[in-house]
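Visitor: One file: upload25.txt (compact mmCIF, N, CA, C and O atoms).
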```
# COMPACT_ATOMS: atom_id res chain seq x y z
N MET A 1 122.14 99.05 130.19
CA MET A 1 123.22 99.47 129.33
C MET A 1 123.82 100.76 129.90
O MET A 1 123.11 101.66 130.32
N THR A 2 125.10 100.84 129.89
CA THR A 2 125.77 102.03 130.39
C THR A 2 126.13 102.95 129.24
O THR A 2 126.24 102.53 128.09
N HIS A 3 126.31 104.21 129.58
CA HIS A 3 126.71 105.21 128.60
C HIS A 3 127.56 106.25 129.31
O HIS A 3 127.62 106.27 130.54
N ASN A 4 128.20 107.08 128.54
CA ASN A 4 129.05 108.12 129.11
C ASN A 4 128.42 109.50 129.02
O ASN A 4 129.11 110.50 129.19
N LEU A 5 127.15 109.56 128.76
CA LEU A 5 126.46 110.85 128.64
C LEU A 5 126.07 111.39 130.01
O LEU A 5 125.71 110.61 130.90
N PRO A 6 126.06 112.70 130.16
CA PRO A 6 125.47 113.26 131.38
C PRO A 6 124.00 112.86 131.44
O PRO A 6 123.32 112.78 130.41
N GLU A 7 123.49 112.60 132.63
CA GLU A 7 122.13 112.08 132.77
C GLU A 7 121.07 112.97 132.11
O GLU A 7 120.16 112.46 131.47
N PRO A 8 121.13 114.31 132.23
CA PRO A 8 120.10 115.12 131.56
C PRO A 8 120.09 114.92 130.04
O PRO A 8 119.03 114.87 129.43
N ALA A 9 121.27 114.77 129.44
CA ALA A 9 121.34 114.53 127.99
C ALA A 9 120.78 113.16 127.65
O ALA A 9 120.04 113.00 126.67
N ALA A 10 121.12 112.16 128.45
CA ALA A 10 120.60 110.82 128.22
C ALA A 10 119.08 110.79 128.37
O ALA A 10 118.38 110.13 127.60
N ASP A 11 118.56 111.52 129.35
CA ASP A 11 117.12 111.59 129.54
C ASP A 11 116.43 112.23 128.34
O ASP A 11 115.38 111.78 127.91
N LEU A 12 117.04 113.28 127.80
CA LEU A 12 116.46 113.91 126.61
C LEU A 12 116.47 112.94 125.44
O LEU A 12 115.48 112.85 124.70
N LEU A 13 117.54 112.20 125.25
CA LEU A 13 117.57 111.22 124.17
C LEU A 13 116.52 110.14 124.36
O LEU A 13 115.88 109.70 123.40
N ARG A 14 116.30 109.71 125.61
CA ARG A 14 115.25 108.73 125.87
C ARG A 14 113.88 109.31 125.52
O ARG A 14 113.03 108.63 124.95
N ALA A 15 113.65 110.57 125.84
CA ALA A 15 112.37 111.22 125.53
C ALA A 15 112.17 111.33 124.01
O ALA A 15 111.07 111.11 123.51
N VAL A 16 113.23 111.65 123.28
CA VAL A 16 113.14 111.71 121.82
C VAL A 16 112.82 110.32 121.27
O VAL A 16 111.96 110.17 120.39
N PHE A 17 113.47 109.29 121.80
CA PHE A 17 113.17 107.93 121.37
C PHE A 17 111.71 107.59 121.64
O PHE A 17 111.03 107.00 120.80
N GLU A 18 111.20 107.98 122.82
CA GLU A 18 109.78 107.74 123.15
C GLU A 18 108.87 108.44 122.14
O GLU A 18 107.82 107.91 121.77
N ALA A 19 109.28 109.61 121.69
CA ALA A 19 108.47 110.35 120.72
C ALA A 19 108.37 109.59 119.39
O ALA A 19 107.31 109.57 118.76
N LEU A 20 109.45 108.98 118.99
CA LEU A 20 109.52 108.33 117.68
C LEU A 20 109.08 106.87 117.69
O LEU A 20 108.68 106.33 116.66
N ASP A 21 109.14 106.24 118.83
CA ASP A 21 108.90 104.80 118.94
C ASP A 21 107.44 104.51 119.22
O ASP A 21 107.05 104.14 120.33
N ILE A 22 106.60 104.68 118.19
CA ILE A 22 105.18 104.35 118.33
C ILE A 22 104.88 103.17 117.41
O ILE A 22 105.59 102.93 116.44
N PRO A 23 103.83 102.42 117.73
CA PRO A 23 103.51 101.23 116.92
C PRO A 23 103.22 101.58 115.46
O PRO A 23 102.61 102.62 115.17
N TYR A 24 103.66 100.71 114.57
CA TYR A 24 103.37 100.87 113.14
C TYR A 24 101.89 100.64 112.91
O TYR A 24 101.26 99.85 113.62
N PRO A 25 101.31 101.28 111.89
CA PRO A 25 99.90 101.02 111.59
C PRO A 25 99.72 99.61 111.04
O PRO A 25 100.59 99.09 110.34
N ALA A 26 98.58 99.02 111.36
CA ALA A 26 98.31 97.65 110.92
C ALA A 26 97.96 97.60 109.44
O ALA A 26 98.29 96.63 108.76
N THR A 27 97.28 98.61 108.96
CA THR A 27 96.85 98.63 107.56
C THR A 27 97.09 100.00 106.96
O THR A 27 97.34 100.98 107.66
N PHE A 28 96.99 100.05 105.65
CA PHE A 28 97.13 101.32 104.95
C PHE A 28 96.11 102.33 105.46
O PHE A 28 96.40 103.51 105.62
N GLY A 29 94.91 101.86 105.76
CA GLY A 29 93.85 102.74 106.25
C GLY A 29 94.17 103.37 107.60
O GLY A 29 93.64 104.42 107.94
N ASP A 30 95.02 102.71 108.37
CA ASP A 30 95.40 103.25 109.68
C ASP A 30 96.57 104.24 109.58
O ASP A 30 96.91 104.90 110.56
N SER A 31 97.16 104.32 108.41
CA SER A 31 98.36 105.15 108.23
C SER A 31 98.10 106.64 108.44
O SER A 31 98.96 107.35 108.96
N GLU A 32 96.94 107.12 108.04
CA GLU A 32 96.67 108.55 108.15
C GLU A 32 96.72 109.03 109.61
O GLU A 32 97.38 110.02 109.92
N VAL A 33 96.05 108.31 110.49
CA VAL A 33 96.05 108.70 111.91
C VAL A 33 97.45 108.53 112.49
O VAL A 33 97.95 109.42 113.18
N HIS A 34 98.09 107.40 112.20
CA HIS A 34 99.45 107.14 112.68
C HIS A 34 100.38 108.26 112.24
O HIS A 34 101.14 108.81 113.05
N ASP A 35 100.33 108.62 110.96
CA ASP A 35 101.24 109.63 110.43
C ASP A 35 101.01 111.00 111.05
O ASP A 35 101.95 111.74 111.31
N ARG A 36 99.75 111.34 111.31
CA ARG A 36 99.45 112.63 111.94
C ARG A 36 100.01 112.67 113.36
O ARG A 36 100.64 113.66 113.76
N ILE A 37 99.79 111.59 114.11
CA ILE A 37 100.31 111.53 115.48
C ILE A 37 101.83 111.58 115.48
O ILE A 37 102.43 112.35 116.24
N LEU A 38 102.46 110.79 114.62
CA LEU A 38 103.92 110.78 114.55
C LEU A 38 104.46 112.14 114.15
O LEU A 38 105.44 112.62 114.72
N SER A 39 103.82 112.79 113.21
CA SER A 39 104.26 114.12 112.79
C SER A 39 104.21 115.12 113.94
O SER A 39 105.16 115.91 114.13
N ASP A 40 103.14 115.09 114.71
CA ASP A 40 103.04 115.98 115.87
C ASP A 40 104.15 115.69 116.88
O ASP A 40 104.78 116.60 117.42
N ARG A 41 104.41 114.41 117.12
CA ARG A 41 105.43 114.02 118.09
C ARG A 41 106.83 114.40 117.60
O ARG A 41 107.67 114.85 118.38
N VAL A 42 107.08 114.25 116.31
CA VAL A 42 108.37 114.65 115.73
C VAL A 42 108.57 116.15 115.88
O VAL A 42 109.67 116.61 116.21
N MET A 43 107.52 116.94 115.62
CA MET A 43 107.63 118.39 115.75
C MET A 43 108.03 118.78 117.18
O MET A 43 108.92 119.61 117.37
N HIS A 44 107.41 118.16 118.17
CA HIS A 44 107.75 118.49 119.56
C HIS A 44 109.16 118.04 119.92
O HIS A 44 109.87 118.73 120.66
N ALA A 45 109.58 116.89 119.39
CA ALA A 45 110.96 116.44 119.62
C ALA A 45 111.95 117.42 119.00
O ALA A 45 112.97 117.76 119.60
N ARG A 46 111.63 117.90 117.81
CA ARG A 46 112.51 118.87 117.15
C ARG A 46 112.61 120.16 117.96
O ARG A 46 113.70 120.72 118.12
N VAL A 47 111.50 120.63 118.48
CA VAL A 47 111.50 121.84 119.30
C VAL A 47 112.37 121.64 120.54
O VAL A 47 113.17 122.52 120.90
N ALA A 48 112.26 120.49 121.19
CA ALA A 48 113.06 120.21 122.38
C ALA A 48 114.55 120.18 122.04
O ALA A 48 115.38 120.77 122.75
N LEU A 49 114.90 119.50 120.95
CA LEU A 49 116.30 119.43 120.54
C LEU A 49 116.84 120.79 120.13
O LEU A 49 117.97 121.16 120.45
N GLU A 50 116.02 121.54 119.41
CA GLU A 50 116.43 122.88 118.99
C GLU A 50 116.71 123.76 120.20
O GLU A 50 117.68 124.53 120.21
N GLY A 51 115.89 123.66 121.22
CA GLY A 51 116.10 124.46 122.42
C GLY A 51 117.44 124.17 123.07
O GLY A 51 118.14 125.09 123.50
N VAL A 52 117.81 122.91 123.13
CA VAL A 52 119.08 122.53 123.74
C VAL A 52 120.25 122.95 122.86
O VAL A 52 121.24 123.51 123.33
N LEU A 53 120.14 122.71 121.56
CA LEU A 53 121.26 122.94 120.66
C LEU A 53 121.44 124.40 120.23
O LEU A 53 122.57 124.83 120.00
N ARG A 54 120.36 125.14 120.14
CA ARG A 54 120.46 126.52 119.65
C ARG A 54 120.26 127.58 120.71
O ARG A 54 120.72 128.71 120.56
N ARG A 55 119.53 127.25 121.78
CA ARG A 55 119.25 128.25 122.81
C ARG A 55 119.86 127.89 124.15
O ARG A 55 119.64 128.59 125.13
N ASP A 56 120.58 126.80 124.19
CA ASP A 56 121.23 126.36 125.41
C ASP A 56 120.24 126.08 126.54
O ASP A 56 120.54 126.31 127.72
N ASP A 57 119.03 125.58 126.17
CA ASP A 57 118.07 125.17 127.19
C ASP A 57 118.64 123.99 127.98
O ASP A 57 119.46 123.22 127.47
N ASP A 58 118.18 123.84 129.20
CA ASP A 58 118.59 122.71 130.04
C ASP A 58 118.02 121.42 129.46
O ASP A 58 116.80 121.33 129.24
N PRO A 59 118.85 120.40 129.20
CA PRO A 59 118.35 119.14 128.65
C PRO A 59 117.30 118.46 129.52
O PRO A 59 116.35 117.87 129.00
N GLY A 60 117.44 118.54 130.83
CA GLY A 60 116.46 117.93 131.72
C GLY A 60 115.10 118.60 131.60
O GLY A 60 114.06 117.94 131.53
N TRP A 61 115.12 119.92 131.54
CA TRP A 61 113.87 120.67 131.36
C TRP A 61 113.25 120.32 130.01
O TRP A 61 112.04 120.13 129.90
N SER A 62 114.09 120.23 128.98
CA SER A 62 113.60 119.93 127.63
C SER A 62 112.99 118.53 127.57
O SER A 62 111.98 118.32 126.89
N ALA A 63 113.58 117.57 128.29
CA ALA A 63 113.02 116.22 128.33
C ALA A 63 111.64 116.25 129.00
O ALA A 63 110.69 115.62 128.50
N ASP A 64 111.51 116.99 130.09
CA ASP A 64 110.21 117.12 130.77
C ASP A 64 109.18 117.79 129.87
O ASP A 64 108.03 117.37 129.78
N TYR A 65 109.61 118.86 129.19
CA TYR A 65 108.73 119.56 128.25
C TYR A 65 108.25 118.60 127.16
O TYR A 65 107.05 118.53 126.86
N LEU A 66 109.19 117.85 126.60
CA LEU A 66 108.83 116.94 125.52
C LEU A 66 107.85 115.89 126.00
O LEU A 66 106.84 115.62 125.34
N ARG A 67 108.09 115.31 127.15
CA ARG A 67 107.17 114.28 127.66
C ARG A 67 105.78 114.86 127.92
O ARG A 67 104.77 114.18 127.70
N SER A 68 105.71 116.09 128.36
CA SER A 68 104.38 116.68 128.59
C SER A 68 103.66 116.90 127.25
O SER A 68 102.44 116.74 127.18
N ARG A 69 104.38 117.24 126.21
CA ARG A 69 103.77 117.40 124.89
C ARG A 69 103.37 116.03 124.33
O ARG A 69 102.33 115.90 123.68
N LEU A 70 104.19 115.00 124.56
CA LEU A 70 103.87 113.67 124.06
C LEU A 70 102.59 113.14 124.70
O LEU A 70 101.81 112.43 124.05
N ALA A 71 102.35 113.50 125.95
CA ALA A 71 101.13 113.07 126.62
C ALA A 71 99.89 113.64 125.93
O ALA A 71 98.81 113.05 126.00
N GLU A 72 100.06 114.76 125.23
CA GLU A 72 98.95 115.37 124.49
C GLU A 72 98.72 114.67 123.15
O GLU A 72 97.70 114.92 122.50
N HIS A 73 99.67 113.85 122.72
CA HIS A 73 99.59 113.17 121.42
C HIS A 73 99.90 111.68 121.59
O HIS A 73 100.89 111.18 121.04
N PRO A 74 99.06 110.97 122.36
CA PRO A 74 99.34 109.55 122.58
C PRO A 74 99.14 108.76 121.27
O PRO A 74 98.33 109.16 120.42
N PRO A 75 99.87 107.68 121.11
CA PRO A 75 99.73 106.87 119.90
C PRO A 75 98.50 105.97 119.99
O PRO A 75 98.60 104.76 120.12
N THR A 76 97.33 106.59 119.93
CA THR A 76 96.07 105.85 120.02
C THR A 76 95.16 106.30 118.88
O THR A 76 95.39 107.31 118.23
N GLY A 77 94.10 105.51 118.65
CA GLY A 77 93.11 105.88 117.65
C GLY A 77 93.32 105.21 116.31
O GLY A 77 92.64 105.54 115.34
N TYR A 78 94.25 104.29 116.23
CA TYR A 78 94.46 103.52 115.00
C TYR A 78 94.82 102.09 115.38
O TYR A 78 95.26 101.82 116.49
N ARG A 79 94.60 101.19 114.44
CA ARG A 79 94.98 99.79 114.66
C ARG A 79 96.48 99.67 114.41
O ARG A 79 96.97 100.13 113.39
N ALA A 80 97.16 99.05 115.35
CA ALA A 80 98.60 98.91 115.25
C ALA A 80 99.00 97.49 114.89
O ALA A 80 98.35 96.53 115.32
N ALA A 81 100.04 97.37 114.12
CA ALA A 81 100.57 96.05 113.75
C ALA A 81 101.04 95.34 115.01
O ALA A 81 101.67 95.93 115.89
N GLY A 82 100.71 94.06 115.10
CA GLY A 82 101.19 93.24 116.20
C GLY A 82 100.42 93.40 117.50
O GLY A 82 100.78 92.78 118.50
N MET A 83 99.37 94.21 117.52
CA MET A 83 98.58 94.37 118.75
C MET A 83 97.58 93.22 118.84
O MET A 83 97.04 92.77 117.84
N PRO A 84 97.30 92.72 120.04
CA PRO A 84 96.37 91.60 120.19
C PRO A 84 94.97 91.96 119.71
O PRO A 84 94.52 93.09 119.84
N ARG A 85 94.28 90.99 119.15
CA ARG A 85 92.94 91.19 118.60
C ARG A 85 91.93 91.57 119.68
O ARG A 85 90.99 92.29 119.43
N GLN A 86 92.08 91.08 120.94
CA GLN A 86 91.09 91.38 121.97
C GLN A 86 91.02 92.87 122.23
O GLN A 86 90.06 93.39 122.75
N ASN A 87 92.05 93.61 121.83
CA ASN A 87 92.07 95.06 122.00
C ASN A 87 91.68 95.73 120.69
O ASN A 87 91.83 96.93 120.54
N GLY A 88 91.23 94.93 119.72
CA GLY A 88 90.88 95.49 118.43
C GLY A 88 92.10 95.96 117.66
O GLY A 88 91.99 96.69 116.69
N GLY A 89 93.28 95.60 118.11
CA GLY A 89 94.49 96.04 117.46
C GLY A 89 94.83 97.48 117.73
O GLY A 89 95.66 98.07 117.09
N ARG A 90 94.16 98.08 118.71
CA ARG A 90 94.39 99.49 119.01
C ARG A 90 95.37 99.65 120.15
O ARG A 90 95.20 99.01 121.18
N PRO A 91 96.40 100.51 119.94
CA PRO A 91 97.35 100.75 121.04
C PRO A 91 96.70 101.52 122.16
O PRO A 91 95.70 102.17 122.00
```
Show me this structure written as structure tokens.

Guide:
Amino acid sequence: MTHNLPEPAADLLRAVFEALDIPYPATFGDSEVHDRILSDRVMHARVALEGVLRRDDDPGWSADYLRSRLAEHPPTGYRAAGMPRQNGGRP
């Protein structure tokens, strides 16, 4: 898909999408871990966006920063909806 955004801005938007696009929990019991991970990832996405919008940080640098923070909060440790049973439903 094509877009008219400068590549650093598009890369930052892709990183924000990566932050938010984690598997849904399979059960109510899995929601607590899912919600904690998602909350951490949202906070880092907000920091990256705030840096670009309020402090004029470089979008490319912010995308790299965000991805490094996301690596610290992988969407693991809970059963995810739609995950194959051989993996125990864990992402």

Visitor: Using only N, CA, C and O atoms, which of the listed residues (A:His73, A:Arg55, A:Glu50, A:Gly82) sits closest to Ile37 (chain A)?

Guide: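 Closest to Ile37 (chain A), using only N, CA, C and O atoms: A:His73.
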
Visitor: Rounded to one decimal, what separation in Å do you get between atom O of Leu13 (chain A) and atom O of Ala81 (chain A)?

Guide: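 Value for the atom O of Leu13 (chain A)-atom O of Ala81 (chain A) distance: 21.2 Å.
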
Visitor: Could you pull out the alpha helix (DSSP H) residues of chain A, going by DSSP on the backbone, and write them as a short mmCIF file (atom, residue, chain, number, x, y, z; two decimals) with N, CA, C and O atoms, in the coordinates of the input?

Guide:
```
data_model
loop_
_atom_site.label_atom_id
_atom_site.label_comp_id
_atom_site.auth_asym_id
_atom_site.auth_seq_id
_atom_site.Cartn_x
_atom_site.Cartn_y
_atom_site.Cartn_z
N GLU A 7 123.49 112.60 132.63
CA GLU A 7 122.13 112.08 132.77
C GLU A 7 121.07 112.97 132.11
O GLU A 7 120.16 112.46 131.47
N PRO A 8 121.13 114.31 132.23
CA PRO A 8 120.10 115.12 131.56
C PRO A 8 120.09 114.92 130.04
O PRO A 8 119.03 114.87 129.43
N ALA A 9 121.27 114.77 129.44
CA ALA A 9 121.34 114.53 127.99
C ALA A 9 120.78 113.16 127.65
O ALA A 9 120.04 113.00 126.67
N ALA A 10 121.12 112.16 128.45
CA ALA A 10 120.60 110.82 128.22
C ALA A 10 119.08 110.79 128.37
O ALA A 10 118.38 110.13 127.60
N ASP A 11 118.56 111.52 129.35
CA ASP A 11 117.12 111.59 129.54
C ASP A 11 116.43 112.23 128.34
O ASP A 11 115.38 111.78 127.91
N LEU A 12 117.04 113.28 127.80
CA LEU A 12 116.46 113.91 126.61
C LEU A 12 116.47 112.94 125.44
O LEU A 12 115.48 112.85 124.70
N LEU A 13 117.54 112.20 125.25
CA LEU A 13 117.57 111.22 124.17
C LEU A 13 116.52 110.14 124.36
O LEU A 13 115.88 109.70 123.40
N ARG A 14 116.30 109.71 125.61
CA ARG A 14 115.25 108.73 125.87
C ARG A 14 113.88 109.31 125.52
O ARG A 14 113.03 108.63 124.95
N ALA A 15 113.65 110.57 125.84
CA ALA A 15 112.37 111.22 125.53
C ALA A 15 112.17 111.33 124.01
O ALA A 15 111.07 111.11 123.51
N VAL A 16 113.23 111.65 123.28
CA VAL A 16 113.14 111.71 121.82
C VAL A 16 112.82 110.32 121.27
O VAL A 16 111.96 110.17 120.39
N PHE A 17 113.47 109.29 121.80
CA PHE A 17 113.17 107.93 121.37
C PHE A 17 111.71 107.59 121.64
O PHE A 17 111.03 107.00 120.80
N GLU A 18 111.20 107.98 122.82
CA GLU A 18 109.78 107.74 123.15
C GLU A 18 108.87 108.44 122.14
O GLU A 18 107.82 107.91 121.77
N ALA A 19 109.28 109.61 121.69
CA ALA A 19 108.47 110.35 120.72
C ALA A 19 108.37 109.59 119.39
O ALA A 19 107.31 109.57 118.76
N LEU A 20 109.45 108.98 118.99
CA LEU A 20 109.52 108.33 117.68
C LEU A 20 109.08 106.87 117.69
O LEU A 20 108.68 106.33 116.66
N SER A 31 97.16 104.32 108.41
CA SER A 31 98.36 105.15 108.23
C SER A 31 98.10 106.64 108.44
O SER A 31 98.96 107.35 108.96
N GLU A 32 96.94 107.12 108.04
CA GLU A 32 96.67 108.55 108.15
C GLU A 32 96.72 109.03 109.61
O GLU A 32 97.38 110.02 109.92
N VAL A 33 96.05 108.31 110.49
CA VAL A 33 96.05 108.70 111.91
C VAL A 33 97.45 108.53 112.49
O VAL A 33 97.95 109.42 113.18
N HIS A 34 98.09 107.40 112.20
CA HIS A 34 99.45 107.14 112.68
C HIS A 34 100.38 108.26 112.24
O HIS A 34 101.14 108.81 113.05
N ASP A 35 100.33 108.62 110.96
CA ASP A 35 101.24 109.63 110.43
C ASP A 35 101.01 111.00 111.05
O ASP A 35 101.95 111.74 111.31
N ARG A 36 99.75 111.34 111.31
CA ARG A 36 99.45 112.63 111.94
C ARG A 36 100.01 112.67 113.36
O ARG A 36 100.64 113.66 113.76
N ILE A 37 99.79 111.59 114.11
CA ILE A 37 100.31 111.53 115.48
C ILE A 37 101.83 111.58 115.48
O ILE A 37 102.43 112.35 116.24
N LEU A 38 102.46 110.79 114.62
CA LEU A 38 103.92 110.78 114.55
C LEU A 38 104.46 112.14 114.15
O LEU A 38 105.44 112.62 114.72
N SER A 39 103.82 112.79 113.21
CA SER A 39 104.26 114.12 112.79
C SER A 39 104.21 115.12 113.94
O SER A 39 105.16 115.91 114.13
N ASP A 40 103.14 115.09 114.71
CA ASP A 40 103.04 115.98 115.87
C ASP A 40 104.15 115.69 116.88
O ASP A 40 104.78 116.60 117.42
N ARG A 41 104.41 114.41 117.12
CA ARG A 41 105.43 114.02 118.09
C ARG A 41 106.83 114.40 117.60
O ARG A 41 107.67 114.85 118.38
N VAL A 42 107.08 114.25 116.31
CA VAL A 42 108.37 114.65 115.73
C VAL A 42 108.57 116.15 115.88
O VAL A 42 109.67 116.61 116.21
N MET A 43 107.52 116.94 115.62
CA MET A 43 107.63 118.39 115.75
C MET A 43 108.03 118.78 117.18
O MET A 43 108.92 119.61 117.37
N HIS A 44 107.41 118.16 118.17
CA HIS A 44 107.75 118.49 119.56
C HIS A 44 109.16 118.04 119.92
O HIS A 44 109.87 118.73 120.66
N ALA A 45 109.58 116.89 119.39
CA ALA A 45 110.96 116.44 119.62
C ALA A 45 111.95 117.42 119.00
O ALA A 45 112.97 117.76 119.60
N ARG A 46 111.63 117.90 117.81
CA ARG A 46 112.51 118.87 117.15
C ARG A 46 112.61 120.16 117.96
O ARG A 46 113.70 120.72 118.12
N VAL A 47 111.50 120.63 118.48
CA VAL A 47 111.50 121.84 119.30
C VAL A 47 112.37 121.64 120.54
O VAL A 47 113.17 122.52 120.90
N ALA A 48 112.26 120.49 121.19
CA ALA A 48 113.06 120.21 122.38
C ALA A 48 114.55 120.18 122.04
O ALA A 48 115.38 120.77 122.75
N LEU A 49 114.90 119.50 120.95
CA LEU A 49 116.30 119.43 120.54
C LEU A 49 116.84 120.79 120.13
O LEU A 49 117.97 121.16 120.45
N GLU A 50 116.02 121.54 119.41
CA GLU A 50 116.43 122.88 118.99
C GLU A 50 116.71 123.76 120.20
O GLU A 50 117.68 124.53 120.21
N GLY A 51 115.89 123.66 121.22
CA GLY A 51 116.10 124.46 122.42
C GLY A 51 117.44 124.17 123.07
O GLY A 51 118.14 125.09 123.50
N VAL A 52 117.81 122.91 123.13
CA VAL A 52 119.08 122.53 123.74
C VAL A 52 120.25 122.95 122.86
O VAL A 52 121.24 123.51 123.33
N LEU A 53 120.14 122.71 121.56
CA LEU A 53 121.26 122.94 120.66
C LEU A 53 121.44 124.40 120.23
O LEU A 53 122.57 124.83 120.00
N ARG A 54 120.36 125.14 120.14
CA ARG A 54 120.46 126.52 119.65
C ARG A 54 120.26 127.58 120.71
O ARG A 54 120.72 128.71 120.56
N ARG A 55 119.53 127.25 121.78
CA ARG A 55 119.25 128.25 122.81
C ARG A 55 119.86 127.89 124.15
O ARG A 55 119.64 128.59 125.13
N PRO A 59 118.85 120.40 129.20
CA PRO A 59 118.35 119.14 128.65
C PRO A 59 117.30 118.46 129.52
O PRO A 59 116.35 117.87 129.00
N GLY A 60 117.44 118.54 130.83
CA GLY A 60 116.46 117.93 131.72
C GLY A 60 115.10 118.60 131.60
O GLY A 60 114.06 117.94 131.53
N TRP A 61 115.12 119.92 131.54
CA TRP A 61 113.87 120.67 131.36
C TRP A 61 113.25 120.32 130.01
O TRP A 61 112.04 120.13 129.90
N SER A 62 114.09 120.23 128.98
CA SER A 62 113.60 119.93 127.63
C SER A 62 112.99 118.53 127.57
O SER A 62 111.98 118.32 126.89
N ALA A 63 113.58 117.57 128.29
CA ALA A 63 113.02 116.22 128.33
C ALA A 63 111.64 116.25 129.00
O ALA A 63 110.69 115.62 128.50
N ASP A 64 111.51 116.99 130.09
CA ASP A 64 110.21 117.12 130.77
C ASP A 64 109.18 117.79 129.87
O ASP A 64 108.03 117.37 129.78
N TYR A 65 109.61 118.86 129.19
CA TYR A 65 108.73 119.56 128.25
C TYR A 65 108.25 118.60 127.16
O TYR A 65 107.05 118.53 126.86
N LEU A 66 109.19 117.85 126.60
CA LEU A 66 108.83 116.94 125.52
C LEU A 66 107.85 115.89 126.00
O LEU A 66 106.84 115.62 125.34
N ARG A 67 108.09 115.31 127.15
CA ARG A 67 107.17 114.28 127.66
C ARG A 67 105.78 114.86 127.92
O ARG A 67 104.77 114.18 127.70
N SER A 68 105.71 116.09 128.36
CA SER A 68 104.38 116.68 128.59
C SER A 68 103.66 116.90 127.25
O SER A 68 102.44 116.74 127.18
N ARG A 69 104.38 117.24 126.21
CA ARG A 69 103.77 117.40 124.89
C ARG A 69 103.37 116.03 124.33
O ARG A 69 102.33 115.90 123.68
N LEU A 70 104.19 115.00 124.56
CA LEU A 70 103.87 113.67 124.06
C LEU A 70 102.59 113.14 124.70
O LEU A 70 101.81 112.43 124.05
N ALA A 71 102.35 113.50 125.95
CA ALA A 71 101.13 113.07 126.62
C ALA A 71 99.89 113.64 125.93
O ALA A 71 98.81 113.05 126.00
#
```

Visitor: Which one of A:Ala15, A:Pro23, A:His3, A:Ala48 sits closest to Asp35 (chain A) if you count all atoms listed in the file?

Guide: A:Pro23

Visitor: Have a look at CA of Glu18 (chain A) and CA of Thr76 (chain A) and let me know their distance in Å, one decimal.

Guide: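 Taking CA of Glu18 (chain A) as the start and CA of Thr76 (chain A) as the end point, the length is 14.2 Å.
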
Visitor: Compare A:Asp56, A:Gly51, A:Ala19, A:Arg36 by their minimum atom-to-atom distance to Ser68 (chain A), counting only C-alpha atoms, and give me the closest one.

Guide: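 Looking at the shortest contact to Ser68 (chain A), the residue is A:Ala19.
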
Visitor: Report, in Å with one decimal, the straight-line distance from atom C of Met43 (chain A) to atom C of Tyr65 (chain A).

Guide: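 Straight-line distance from atom C of Met43 (chain A) to atom C of Tyr65 (chain A) works out to 10.0 Å.
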